[in-house]
Amino acid sequence: MHTPLPHHPSTPARTLSGQVAIVTGASRGIGRAIALALAEAGAQVVVNYRRSRAEARQVVERCEALGVRALAVAADVSNPGEVKALAQAARTLGTVSILVNNAGVAATGLLLETPLDTWREVIDTHLTGAFLCCRAVLPGMIRQGYGRIVNISSVWGMVGAANEVAYSAAKGGVIAFTKALAKEVARAGVTVNAVAPGAVATDMLSSLQPDEQEAIAAETPVGRIGRPEDVAHAVLYLVSPGSSFVTGQVLSPNGGWVT
Ligand code: NAP
């Protein structure tokens with residue numbers, strides 16, 4: 001008989017003790033789960049957010065309760081000056097060795113009905129955000145000869161979605177960005193990978209009606225929508241010191257929905 005495994009089968013070893021991580025868009029959803037997983041593994045965490053100050057503070061408190069230092073830092077990842085300040089704040093904890101580019105916005109609508117401003121916001125947040133944040137932390141990673149960068153893409157960046165052309169283009173761009181940068185910095189001991197989740201239950205997915213979410217769950221071989229922790233688990237693997245031979249890859253926690 002099938003015995004369900006507990007959600008967290010064991011307490012993870014503190015394999016990231018002493019490391020400093022930035023997680024962008026960590027006030028809610030997937031970023032929040034990633035920040036908590038990194039803290040649980042012993043990393044000090046910079047919890048970036050754009051507007052949700054109270055939520056970001058709560059994530060910091062949860063990290064601190066796990067025995068690590070944490071900071072909430074407001075910054076729009078598409079703004080060069082704010083990203084510079086974010087990196088400076090992070091350096092008060094030490095050299096950043098883990099960067100998770102997770103901040104994101106969704107946009108739905110037919111291409112012919114997509115305003116230029118929406119296109120720009122989506123590309124700027126996902127793609128320019130990753131560009132600016134990588135540029136801000138890479139010099140420190142290269143100097144120390146070690147770094148782990150994970151860029152959150154999406155299954156739509158792999159296969160494309162009608163009605164989400166801007167989002168799909170941004171997420172596909174994130175994958176190409178990941179592959180190219182991985183080649184550029186591999187010899188410096190820095191790995192760069194992408195995680196491309198399927199549908200995950202967060203505020204972002206709440207634009208879908210319950211019946212639409214049920215339809216996705218039914219289409220998904222494991223029979224459910226993803227949890228933020230499913231994505232955090234994949235990120236934790238990629239940022240582990242032992243993952244030094246994994247770079248330029250796309251890992252897609254999607255329950256078998258897209259293969
Ligand atoms: P979410 O619940 O809507 O949270 C988005 C997060 O990004 C929030 O913390 C938000 O900050 C932050 N953010 C948005 N724009 C920002 C900016 N310009 N600068 C800094 N932070 C910004 O979304 P989610 O579902 O957790 O998504 C996280 C990532 O996973 C995104 O890249 C998304 O595209 C990707 N993804 C999600 C799904 C899914 O089904 N949920 C599937 C595949 C990929 P505030 O709270 O301050 O607004």
# chains A, B, ... in the order shown; residues from 1 in each chain; ligands from 1
>>> residues_near_ligand(ligand="ligand 1", cutoff="6 Å", atoms="only C-alpha atoms and all ligand atoms", output="VMD selection string")
chain A and resid 24 to 31 49 to 52 75 to 78 102 to 105 125 152 to 154 197 to 205
>>> select_by_dssp(residues="segment 113-188 of chain A", states="strand (DSSP E)", output="PyMOL selection string")
chain A and resi 147-152
>>> write_last_selection(atoms="N, CA, C and O atoms", output="PDB file, in the first residue's frame")
ATOM      1  N   GLY A 147      30.347  30.629  -5.938  1.00  0.00           N
ATOM      2  CA  GLY A 147      29.034  31.275  -5.939  1.00  0.00           C
ATOM      3  C   GLY A 147      27.980  30.343  -6.521  1.00  0.00           C
ATOM      4  O   GLY A 147      28.282  29.415  -7.277  1.00  0.00           O
ATOM      5  N   ARG A 148      26.759  30.597  -6.124  1.00  0.00           N
ATOM      6  CA  ARG A 148      25.612  29.826  -6.616  1.00  0.00           C
ATOM      7  C   ARG A 148      24.512  30.813  -6.998  1.00  0.00           C
ATOM      8  O   ARG A 148      23.996  31.537  -6.145  1.00  0.00           O
ATOM      9  N   ILE A 149      24.161  30.827  -8.283  1.00  0.00           N
ATOM     10  CA  ILE A 149      23.068  31.684  -8.750  1.00  0.00           C
ATOM     11  C   ILE A 149      21.942  30.789  -9.278  1.00  0.00           C
ATOM     12  O   ILE A 149      22.203  29.862 -10.067  1.00  0.00           O
ATOM     13  N   VAL A 150      20.737  31.051  -8.821  1.00  0.00           N
ATOM     14  CA  VAL A 150      19.577  30.323  -9.343  1.00  0.00           C
ATOM     15  C   VAL A 150      18.560  31.357  -9.831  1.00  0.00           C
ATOM     16  O   VAL A 150      18.190  32.272  -9.099  1.00  0.00           O
ATOM     17  N   ASN A 151      18.148  31.198 -11.063  1.00  0.00           N
ATOM     18  CA  ASN A 151      17.163  32.106 -11.661  1.00  0.00           C
ATOM     19  C   ASN A 151      15.828  31.366 -11.791  1.00  0.00           C
ATOM     20  O   ASN A 151      15.783  30.277 -12.375  1.00  0.00           O
ATOM     21  N   ILE A 152      14.776  31.970 -11.230  1.00  0.00           N
ATOM     22  CA  ILE A 152      13.478  31.292 -11.306  1.00  0.00           C
ATOM     23  C   ILE A 152      12.821  31.626 -12.647  1.00  0.00           C
ATOM     24  O   ILE A 152      12.482  32.778 -12.933  1.00  0.00           O
TER      25      ILE A 152
END
>>> atom_distance(atom1="atom CA of Pro221 of chain A", atom2="atom CA of Pro253 of chain A")
12.1 Å
>>> residues_around(residues="Glu61 of chain A", least_positions_apart="4", cutoff="8 Å", atoms="only C-alpha atoms", output="ChimeraX atom specification")
/A:57,65,70
>>> atom_distance(atom1="atom CA of Val185 of chain A", atom2="atom CA of Ala39 of chain A")
25.8 Å
>>> atom_distance(atom1="atom CA of Leu236 of chain A", atom2="atom CA of Ala21 of chain A")
11.5 Å
